[in-house]
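Peer 1: The structure under discussion is supplied below as structure tokens; questions concerning it will follow.
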Amino acid sequence: MKKLKIKIAPSLLSADFRYLAHEIKRTEAAGADMLHVDVMDGNFVNNITLGPFIVRAIRKAATIPIVAHLMIKNPEKHVEEFAKAGSDMIIFHIEAIKNPKNLIYRIKRLNKKVGVSIKPKTKVSSIKSLLPLVDEVLVMTVEPGFGGQKFMRGPAFKIPKIRKHYSGDVGVDGGINYENARLCVSLGANVFIAGTYLFGSADMKKSIRELKSM
Ligand code: DX5
Ligand code: ZN
């Protein structure tokens with residue numbers, strides 16, 4: 001299989017929201033490929049972050065694509081708002097929806113890219129039938145809900161199972177740093193979401209360059 005381009009998406013959850021526009025510019029200047037926006041509803045995960053209103057503001061400040069990672073119950077109720085607010089890709093959780101194919105078609109009809117995410121304990125078999133339909137599979141390597149958690153190695157070994165049936169983007173989200181990103185590249189991942197590692201870096205540009213050269 002041809003080697004896929006490595007893409008880096010800083011997770012804004014780790015940004016300093018007092019200076020959000022500045023933080024967005026900082027990620028763009030550092031070479032980020034897209035912005036990862038973590039949406040949490042306090043139901044699907046035990047944390048509440050932001051909604052379409054903030055995505056609209058991010059859209060005004062950003063020039064790179066916005067990926068909305070919906071860690072919410074009933075994502076089908078909200079995809080239109082996140083699309084209209086300026087998301088370029090919408091990623092929902094397979095654990096949050098009964099009819100994923102319907103939701104995928106709806107997101108595509110909104111002319112947005114669509115991804116599906118699986119929590120650490122969720123099996124690859126749960127999304128196998130969706131692989132021909134999605135632009136990205138997002139493998140969680142932490143229990144969703146918070147930034148700054150420790151990378152879980154176990155879920156990373158789902159990547160080769162996905163790769164057996166899928167040649168699109170495989171992203172990894174949660175506790176990513178250079179060392180564990182290298183493991184995930186060797187397993188077949190090509191999109192890396194990082195919050196703490198990048199926003200905590202003394203030189204974000206250098207950190208992104210190193211990740212891209214893996
Ligand atoms: C967790 C989010 C992740 C998280 C990544 O629920 O989906 O995107 O913000 O942050 P770090 O890289 O600090 O784990
Ligand atoms: Zn995320």
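Residues in the structure tokens are named by chain (A, B, ... in the order shown) and by number from 1 within that chain; ligands are numbered from 1 in the order shown.
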Extract, using only C-alpha atoms, all DNA, RNA and protein residues at most 9 Å from Ala61 of chain A, discarding same-chain residues fewer than 4 positions from it, and format them as a VMD selection string.
Peer 2: chain A and resid 20 to 22 24 to 25 56 to 57
Peer 1: Create the file for the chosen residues now, containing N, CA, C and O atoms and written as a JSON list (two decimals), in the first residue's frame.
Peer 2:
```json
[["chain", "number", "residue", "atom", "x", "y", "z"],
["A", 20, "LEU", "N", -7.51, 32.63, 21.76],
["A", 20, "LEU", "CA", -7.78, 31.56, 20.80],
["A", 20, "LEU", "C", -7.30, 31.90, 19.39],
["A", 20, "LEU", "O", -6.65, 31.09, 18.73],
["A", 21, "ALA", "N", -7.61, 33.11, 18.91],
["A", 21, "ALA", "CA", -7.21, 33.45, 17.53],
["A", 21, "ALA", "C", -5.68, 33.39, 17.39],
["A", 21, "ALA", "O", -5.14, 32.86, 16.41],
["A", 22, "HIS", "N", -5.01, 33.85, 18.41],
["A", 22, "HIS", "CA", -3.54, 33.83, 18.39],
["A", 22, "HIS", "C", -3.02, 32.38, 18.37],
["A", 22, "HIS", "O", -2.10, 32.03, 17.62],
["A", 24, "ILE", "N", -4.56, 29.80, 17.22],
["A", 24, "ILE", "CA", -4.84, 29.22, 15.90],
["A", 24, "ILE", "C", -3.76, 29.65, 14.91],
["A", 24, "ILE", "O", -3.19, 28.83, 14.18],
["A", 25, "LYS", "N", -3.43, 30.93, 14.93],
["A", 25, "LYS", "CA", -2.38, 31.44, 14.03],
["A", 25, "LYS", "C", -1.06, 30.73, 14.33],
["A", 25, "LYS", "O", -0.31, 30.38, 13.41],
["A", 56, "ARG", "N", -17.82, 28.59, 14.76],
["A", 56, "ARG", "CA", -18.00, 29.75, 13.86],
["A", 56, "ARG", "C", -16.87, 30.77, 14.08],
["A", 56, "ARG", "O", -16.29, 31.29, 13.13],
["A", 57, "ALA", "N", -16.53, 30.98, 15.33],
["A", 57, "ALA", "CA", -15.43, 31.93, 15.64],
["A", 57, "ALA", "C", -14.09, 31.38, 15.16],
["A", 57, "ALA", "O", -13.28, 32.11, 14.58]]
```
Peer 1: Give me, as an mmCIF file with all heavy atoms, in the first residue's frame, all polymer residues having an atom no more than 12 Å from Asn47 of chain A, counting only C-alpha atoms and skipping those fewer than 3 positions away in the same chain.
Peer 2:
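Printed below is out_5.cif as written:
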```cif
data_model
loop_
_atom_site.group_PDB
_atom_site.id
_atom_site.type_symbol
_atom_site.label_atom_id
_atom_site.label_comp_id
_atom_site.auth_asym_id
_atom_site.auth_seq_id
_atom_site.Cartn_x
_atom_site.Cartn_y
_atom_site.Cartn_z
ATOM 1 N N LEU A 13 -8.198 21.757 22.359
ATOM 2 C CA LEU A 13 -8.576 21.587 23.781
ATOM 3 C C LEU A 13 -7.404 22.014 24.689
ATOM 4 O O LEU A 13 -7.607 22.449 25.815
ATOM 5 C CB LEU A 13 -8.943 20.127 24.050
ATOM 6 C CG LEU A 13 -9.636 19.809 25.361
ATOM 7 C CD1 LEU A 13 -10.971 20.531 25.464
ATOM 8 C CD2 LEU A 13 -9.860 18.310 25.519
ATOM 9 N N ASP A 38 -12.417 19.624 19.743
ATOM 10 C CA ASP A 38 -13.089 18.602 20.557
ATOM 11 C C ASP A 38 -14.402 19.124 21.112
ATOM 12 O O ASP A 38 -14.420 20.042 21.923
ATOM 13 C CB ASP A 38 -12.163 18.174 21.706
ATOM 14 C CG ASP A 38 -11.009 17.334 21.178
ATOM 15 O OD1 ASP A 38 -11.292 16.341 20.477
ATOM 16 O OD2 ASP A 38 -9.848 17.678 21.441
ATOM 17 N N VAL A 39 -15.481 18.499 20.670
ATOM 18 C CA VAL A 39 -16.830 18.891 21.093
ATOM 19 C C VAL A 39 -17.340 17.867 22.099
ATOM 20 O O VAL A 39 -17.405 16.674 21.799
ATOM 21 C CB VAL A 39 -17.780 18.945 19.871
ATOM 22 C CG1 VAL A 39 -19.190 19.344 20.300
ATOM 23 C CG2 VAL A 39 -17.237 19.904 18.810
ATOM 24 N N MET A 40 -17.637 18.330 23.309
ATOM 25 C CA MET A 40 -18.072 17.399 24.361
ATOM 26 C C MET A 40 -19.360 17.930 25.007
ATOM 27 O O MET A 40 -19.483 19.127 25.256
ATOM 28 C CB MET A 40 -16.974 17.288 25.419
ATOM 29 C CG MET A 40 -15.652 16.811 24.855
ATOM 30 S SD MET A 40 -14.405 16.701 26.164
ATOM 31 C CE MET A 40 -12.933 16.373 25.164
ATOM 32 N N ASP A 41 -20.288 16.990 25.287
ATOM 33 C CA ASP A 41 -21.639 17.428 25.709
ATOM 34 C C ASP A 41 -21.944 17.141 27.178
ATOM 35 O O ASP A 41 -23.058 17.346 27.631
ATOM 36 C CB ASP A 41 -22.695 16.760 24.818
ATOM 37 C CG ASP A 41 -22.709 15.230 25.007
ATOM 38 O OD1 ASP A 41 -21.860 14.688 25.766
ATOM 39 O OD2 ASP A 41 -23.577 14.575 24.382
ATOM 40 N N GLY A 42 -20.973 16.568 27.915
ATOM 41 C CA GLY A 42 -21.254 16.256 29.323
ATOM 42 C C GLY A 42 -22.147 15.036 29.478
ATOM 43 O O GLY A 42 -22.525 14.661 30.582
ATOM 44 N N ASN A 43 -22.504 14.417 28.365
ATOM 45 C CA ASN A 43 -23.327 13.191 28.395
ATOM 46 C C ASN A 43 -22.546 12.000 27.856
ATOM 47 O O ASN A 43 -22.327 11.032 28.558
ATOM 48 C CB ASN A 43 -24.576 13.381 27.494
ATOM 49 C CG ASN A 43 -25.723 13.944 28.282
ATOM 50 O OD1 ASN A 43 -26.143 13.341 29.256
ATOM 51 N ND2 ASN A 43 -26.176 15.115 27.892
ATOM 52 N N PHE A 44 -22.122 12.123 26.603
ATOM 53 C CA PHE A 44 -21.330 11.030 26.012
ATOM 54 C C PHE A 44 -19.992 10.907 26.747
ATOM 55 O O PHE A 44 -19.450 9.821 26.906
ATOM 56 C CB PHE A 44 -21.115 11.305 24.512
ATOM 57 C CG PHE A 44 -20.374 10.216 23.799
ATOM 58 C CD1 PHE A 44 -20.975 8.997 23.537
ATOM 59 C CD2 PHE A 44 -19.046 10.410 23.425
ATOM 60 C CE1 PHE A 44 -20.288 7.982 22.880
ATOM 61 C CE2 PHE A 44 -18.345 9.403 22.778
ATOM 62 C CZ PHE A 44 -18.971 8.181 22.509
ATOM 63 N N LEU A 50 -17.473 22.868 23.914
ATOM 64 C CA LEU A 50 -17.953 23.977 23.083
ATOM 65 C C LEU A 50 -18.927 23.467 22.017
ATOM 66 O O LEU A 50 -19.039 22.253 21.792
ATOM 67 C CB LEU A 50 -16.752 24.654 22.411
ATOM 68 C CG LEU A 50 -15.804 23.729 21.611
ATOM 69 C CD1 LEU A 50 -16.285 23.587 20.180
ATOM 70 C CD2 LEU A 50 -14.379 24.271 21.639
ATOM 71 N N MET A 71 -17.824 14.327 20.452
ATOM 72 C CA MET A 71 -17.960 13.359 21.541
ATOM 73 C C MET A 71 -19.277 13.699 22.242
ATOM 74 O O MET A 71 -19.307 14.262 23.349
ATOM 75 C CB MET A 71 -16.758 13.466 22.492
ATOM 76 C CG MET A 71 -15.491 12.930 21.851
ATOM 77 S SD MET A 71 -13.994 13.482 22.661
ATOM 78 C CE MET A 71 -13.810 15.094 21.875
ATOM 79 N N ILE A 72 -20.348 13.442 21.499
ATOM 80 C CA ILE A 72 -21.686 13.848 21.970
ATOM 81 C C ILE A 72 -22.674 12.732 21.696
ATOM 82 O O ILE A 72 -22.522 11.943 20.745
ATOM 83 C CB ILE A 72 -22.167 15.142 21.265
ATOM 84 C CG1 ILE A 72 -22.373 14.955 19.759
ATOM 85 C CG2 ILE A 72 -21.197 16.287 21.511
ATOM 86 C CD1 ILE A 72 -23.013 16.173 19.071
ATOM 87 N N GLU A 143 -9.406 7.300 26.930
ATOM 88 C CA GLU A 143 -10.863 7.370 27.070
ATOM 89 C C GLU A 143 -11.248 8.827 26.762
ATOM 90 O O GLU A 143 -10.694 9.753 27.385
ATOM 91 C CB GLU A 143 -11.299 7.024 28.498
ATOM 92 C CG GLU A 143 -11.416 5.539 28.785
ATOM 93 C CD GLU A 143 -12.341 4.776 27.822
ATOM 94 O OE1 GLU A 143 -13.356 5.344 27.369
ATOM 95 O OE2 GLU A 143 -11.998 3.631 27.501
ATOM 96 N N PRO A 144 -12.133 9.074 25.807
ATOM 97 C CA PRO A 144 -12.423 10.462 25.437
ATOM 98 C C PRO A 144 -12.966 11.269 26.616
ATOM 99 O O PRO A 144 -13.617 10.721 27.495
ATOM 100 C CB PRO A 144 -13.489 10.322 24.344
ATOM 101 C CG PRO A 144 -13.934 8.917 24.347
ATOM 102 C CD PRO A 144 -12.888 8.109 25.000
ATOM 103 N N GLY A 145 -12.654 12.576 26.600
ATOM 104 C CA GLY A 145 -13.207 13.465 27.626
ATOM 105 C C GLY A 145 -12.236 14.527 28.078
ATOM 106 O O GLY A 145 -12.635 15.631 28.456
ATOM 107 N N PHE A 146 -10.943 14.202 28.027
ATOM 108 C CA PHE A 146 -9.974 15.185 28.548
ATOM 109 C C PHE A 146 -8.652 15.124 27.788
ATOM 110 O O PHE A 146 -8.259 14.065 27.310
ATOM 111 C CB PHE A 146 -9.708 14.911 30.044
ATOM 112 C CG PHE A 146 -10.939 15.076 30.884
ATOM 113 C CD1 PHE A 146 -11.792 13.989 31.114
ATOM 114 C CD2 PHE A 146 -11.307 16.327 31.392
ATOM 115 C CE1 PHE A 146 -12.964 14.131 31.843
ATOM 116 C CE2 PHE A 146 -12.468 16.475 32.144
ATOM 117 C CZ PHE A 146 -13.306 15.375 32.365
ATOM 118 N N GLY A 147 -7.985 16.264 27.713
ATOM 119 C CA GLY A 147 -6.624 16.268 27.183
ATOM 120 C C GLY A 147 -5.673 15.890 28.306
ATOM 121 O O GLY A 147 -6.068 15.746 29.462
#
```
Peer 1: Can you tell me, as a short mmCIF file (atom, residue, chain, number, x, y, z; two decimals) with C-alpha atoms, in the first residue's frame, what residues are no more than 6 Å from segment 163-175 of chain A when counting only C-alpha atoms, ignoring any on the same chain fewer than 6 positions away?
Peer 2:
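As written to disk, part_27.cif reads:
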```cif
data_model
loop_
_atom_site.label_atom_id
_atom_site.label_comp_id
_atom_site.auth_asym_id
_atom_site.auth_seq_id
_atom_site.Cartn_x
_atom_site.Cartn_y
_atom_site.Cartn_z
CA GLU A 136 -11.13 8.87 8.17
CA VAL A 137 -11.14 6.37 11.00
CA LEU A 138 -10.11 7.93 14.32
CA VAL A 139 -8.66 5.52 16.86
CA MET A 140 -8.88 6.84 20.43
CA THR A 141 -5.83 6.02 22.51
CA VAL A 142 -7.36 7.55 25.63
CA GLN A 149 -4.08 11.77 29.52
CA LYS A 150 -1.52 8.98 29.12
CA PHE A 151 -1.34 7.20 25.74
CA ALA A 189 -1.63 5.41 11.06
CA ASN A 190 -1.05 8.66 9.16
CA VAL A 191 -3.06 11.39 10.97
CA PHE A 192 -1.95 12.53 14.43
CA ILE A 193 -3.98 14.61 16.82
#
```
Peer 1: Write out as number ranges by chain each polymer residue whose atoms come within 9 Å of Val55 of chain A, counting only C-alpha atoms; drop sequence neighbours fewer than 2 positions from it.
Peer 2: A: 37, 50-53, 57-60, 66, 68, 82, 85-87
Peer 1: Please dump the current selection as an mmCIF file, in the first residue's frame; keep N, CA and C atoms.
Peer 2:
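Result saved to again-v8.cif:
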```cif
data_model
loop_
_atom_site.group_PDB
_atom_site.id
_atom_site.type_symbol
_atom_site.label_atom_id
_atom_site.label_comp_id
_atom_site.auth_asym_id
_atom_site.auth_seq_id
_atom_site.Cartn_x
_atom_site.Cartn_y
_atom_site.Cartn_z
ATOM 1 N N VAL A 37 -11.028 20.096 16.715
ATOM 2 C CA VAL A 37 -11.878 20.785 17.697
ATOM 3 C C VAL A 37 -12.699 19.752 18.458
ATOM 4 N N LEU A 50 -17.473 22.868 23.914
ATOM 5 C CA LEU A 50 -17.953 23.977 23.083
ATOM 6 C C LEU A 50 -18.927 23.467 22.017
ATOM 7 N N GLY A 51 -19.608 24.431 21.391
ATOM 8 C CA GLY A 51 -20.592 24.099 20.350
ATOM 9 C C GLY A 51 -20.332 24.851 19.058
ATOM 10 N N PRO A 52 -21.302 24.838 18.148
ATOM 11 C CA PRO A 52 -21.159 25.468 16.825
ATOM 12 C C PRO A 52 -20.786 26.957 16.921
ATOM 13 N N PHE A 53 -21.245 27.592 17.974
ATOM 14 C CA PHE A 53 -20.965 29.035 18.153
ATOM 15 C C PHE A 53 -19.453 29.296 18.158
ATOM 16 N N ALA A 57 -16.525 30.980 15.325
ATOM 17 C CA ALA A 57 -15.434 31.930 15.643
ATOM 18 C C ALA A 57 -14.094 31.381 15.163
ATOM 19 N N ILE A 58 -13.894 30.094 15.386
ATOM 20 C CA ILE A 58 -12.635 29.466 14.931
ATOM 21 C C ILE A 58 -12.527 29.583 13.409
ATOM 22 N N ARG A 59 -13.650 29.383 12.733
ATOM 23 C CA ARG A 59 -13.670 29.464 11.259
ATOM 24 C C ARG A 59 -13.180 30.842 10.795
ATOM 25 N N LYS A 60 -13.596 31.874 11.507
ATOM 26 C CA LYS A 60 -13.219 33.242 11.116
ATOM 27 C C LYS A 60 -11.707 33.468 11.304
ATOM 28 N N ILE A 66 -11.011 22.651 9.476
ATOM 29 C CA ILE A 66 -11.454 22.392 10.854
ATOM 30 C C ILE A 66 -12.093 21.006 10.902
ATOM 31 N N ALA A 68 -14.266 18.658 13.311
ATOM 32 C CA ALA A 68 -15.068 18.657 14.546
ATOM 33 C C ALA A 68 -15.161 17.217 15.055
ATOM 34 N N PHE A 82 -22.967 22.068 12.959
ATOM 35 C CA PHE A 82 -21.501 22.079 12.916
ATOM 36 C C PHE A 82 -20.995 22.259 11.484
ATOM 37 N N ALA A 85 -21.492 25.915 10.678
ATOM 38 C CA ALA A 85 -20.557 26.765 11.449
ATOM 39 C C ALA A 85 -19.171 26.801 10.807
ATOM 40 N N GLY A 86 -18.917 25.859 9.888
ATOM 41 C CA GLY A 86 -17.648 25.921 9.161
ATOM 42 C C GLY A 86 -16.735 24.728 9.326
ATOM 43 N N SER A 87 -17.255 23.632 9.902
ATOM 44 C CA SER A 87 -16.418 22.418 9.971
ATOM 45 C C SER A 87 -16.192 21.883 8.557
#
```
Peer 1: Would you please work out which residue, of A:Met34, A:Lys77, A:Thr27, A:Gly195, is nearest to Ala9 of chain A when using only C-alpha atoms?
Peer 2: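 Distance minimum relative to Ala9 of chain A lands on A:Met34.
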Peer 1: Tell me, as a list in words, which residues lie within 10 Å of Lys128 of chain A, counting only C-alpha atoms; anything in the same chain fewer than 4 positions away does not count.
Peer 2: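 So the residues in contact are Lys123, Val124, Pro132, Lys161, Ile162, His165 and Tyr166 of chain A.
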Peer 1: Quick one: residues within 9 Å of segment 94-111 of chain A, only C-alpha atoms counted, chain neighbours fewer than 2 positions away excluded, as a list of chain:residue names?
Peer 2: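 Skipping anything fewer than 2 positions along the chain leaves A:Phe44, A:Met71, A:Ile72, A:Lys73, A:Asn74, A:Pro75, A:Glu76, A:Val79, A:Glu80, A:Ala83, A:Lys84, A:Asp88, A:Met89, A:Ile90, A:Phe92, A:Lys113, A:Val114, A:Gly115, A:Val116, A:Ser117, A:Ile118, A:Lys119, A:Thr122, A:Ser126, A:Ile127, A:Ser129, A:Leu130, A:Leu133, A:Val134.
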Peer 1: Considering only C-alpha atoms and all ligand atoms, state which residue in the set A:Leu198, A:Leu12, A:Ile48, A:Ala181 is at the smallest distance from ligand 2.
Peer 2: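 The answer is A:Leu12, which sits nearest to ligand 2.
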Peer 1: Report as a ChimeraX atom specification: the residues of segment 31-128 of chain A with a DSSP assignment of strand (DSSP E), based on the backbone of this structure.
Peer 2: /A:35-40,66-71,89-93,113-118
Peer 1: Okay, now the selection with N, CA and C atoms, as an mmCIF file, in the first residue's frame?
Peer 2:
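Output file selection32.cif follows:
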```cif
data_model
loop_
_atom_site.group_PDB
_atom_site.id
_atom_site.type_symbol
_atom_site.label_atom_id
_atom_site.label_comp_id
_atom_site.auth_asym_id
_atom_site.auth_seq_id
_atom_site.Cartn_x
_atom_site.Cartn_y
_atom_site.Cartn_z
ATOM 1 N N LEU A 35 -7.127 21.839 12.109
ATOM 2 C CA LEU A 35 -7.399 22.079 13.536
ATOM 3 C C LEU A 35 -8.371 21.026 14.034
ATOM 4 N N HIS A 36 -8.054 20.422 15.162
ATOM 5 C CA HIS A 36 -8.919 19.390 15.745
ATOM 6 C C HIS A 36 -9.695 20.050 16.881
ATOM 7 N N VAL A 37 -11.028 20.096 16.715
ATOM 8 C CA VAL A 37 -11.878 20.785 17.697
ATOM 9 C C VAL A 37 -12.699 19.752 18.458
ATOM 10 N N ASP A 38 -12.417 19.624 19.743
ATOM 11 C CA ASP A 38 -13.089 18.602 20.557
ATOM 12 C C ASP A 38 -14.402 19.124 21.112
ATOM 13 N N VAL A 39 -15.481 18.499 20.670
ATOM 14 C CA VAL A 39 -16.830 18.891 21.093
ATOM 15 C C VAL A 39 -17.340 17.867 22.099
ATOM 16 N N MET A 40 -17.637 18.330 23.309
ATOM 17 C CA MET A 40 -18.072 17.399 24.361
ATOM 18 C C MET A 40 -19.360 17.930 25.007
ATOM 19 N N ILE A 66 -11.011 22.651 9.476
ATOM 20 C CA ILE A 66 -11.454 22.392 10.854
ATOM 21 C C ILE A 66 -12.093 21.006 10.902
ATOM 22 N N VAL A 67 -11.616 20.196 11.842
ATOM 23 C CA VAL A 67 -12.203 18.862 12.057
ATOM 24 C C VAL A 67 -12.949 18.902 13.384
ATOM 25 N N ALA A 68 -14.266 18.658 13.311
ATOM 26 C CA ALA A 68 -15.068 18.657 14.546
ATOM 27 C C ALA A 68 -15.161 17.217 15.055
ATOM 28 N N HIS A 69 -14.568 16.974 16.206
ATOM 29 C CA HIS A 69 -14.605 15.634 16.811
ATOM 30 C C HIS A 69 -15.756 15.629 17.800
ATOM 31 N N LEU A 70 -16.885 15.048 17.378
ATOM 32 C CA LEU A 70 -18.115 15.092 18.187
ATOM 33 C C LEU A 70 -18.124 13.958 19.206
ATOM 34 N N MET A 71 -17.824 14.327 20.452
ATOM 35 C CA MET A 71 -17.960 13.359 21.541
ATOM 36 C C MET A 71 -19.277 13.699 22.242
ATOM 37 N N MET A 89 -14.645 18.729 8.270
ATOM 38 C CA MET A 89 -14.855 17.295 8.484
ATOM 39 C C MET A 89 -15.586 17.132 9.824
ATOM 40 N N ILE A 90 -16.491 16.183 9.845
ATOM 41 C CA ILE A 90 -17.218 15.876 11.084
ATOM 42 C C ILE A 90 -16.955 14.426 11.432
ATOM 43 N N ILE A 91 -16.420 14.220 12.626
ATOM 44 C CA ILE A 91 -16.130 12.860 13.109
ATOM 45 C C ILE A 91 -17.089 12.559 14.254
ATOM 46 N N PHE A 92 -17.837 11.472 14.113
ATOM 47 C CA PHE A 92 -18.757 11.077 15.185
ATOM 48 C C PHE A 92 -18.274 9.770 15.786
ATOM 49 N N HIS A 93 -18.830 9.435 16.952
ATOM 50 C CA HIS A 93 -18.461 8.178 17.621
ATOM 51 C C HIS A 93 -19.466 7.084 17.304
ATOM 52 N N LYS A 113 -16.474 16.275 4.778
ATOM 53 C CA LYS A 113 -15.846 14.971 4.934
ATOM 54 C C LYS A 113 -16.374 14.344 6.224
ATOM 55 N N VAL A 114 -16.324 13.026 6.260
ATOM 56 C CA VAL A 114 -16.900 12.340 7.422
ATOM 57 C C VAL A 114 -15.916 11.314 7.971
ATOM 58 N N GLY A 115 -15.835 11.296 9.309
ATOM 59 C CA GLY A 115 -14.982 10.294 9.965
ATOM 60 C C GLY A 115 -15.786 9.600 11.061
ATOM 61 N N VAL A 116 -15.297 8.402 11.404
ATOM 62 C CA VAL A 116 -15.915 7.679 12.510
ATOM 63 C C VAL A 116 -14.822 7.372 13.530
ATOM 64 N N SER A 117 -15.147 7.511 14.808
ATOM 65 C CA SER A 117 -14.159 7.298 15.861
ATOM 66 C C SER A 117 -14.585 6.136 16.761
ATOM 67 N N ILE A 118 -13.583 5.388 17.243
ATOM 68 C CA ILE A 118 -13.864 4.277 18.156
ATOM 69 C C ILE A 118 -13.090 4.485 19.466
#
```
Peer 1: Given only C-alpha atoms as the basis, pick out the residue of A:Met204, A:Cys184, A:Ala29, A:Ala62 nearest to Lys158 of chain A.
Peer 2: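 Once distances to Lys158 of chain A are computed over only C-alpha atoms, the minimum belongs to A:Cys184.
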Peer 1: For ligand 2, which residue out of A:Ala156, A:Val45, A:Met214, A:Ala194 is the nearest one, using only C-alpha atoms and all ligand atoms?
Peer 2: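 Looking only at the distances to ligand 2, the closest residue turns out to be A:Ala194.
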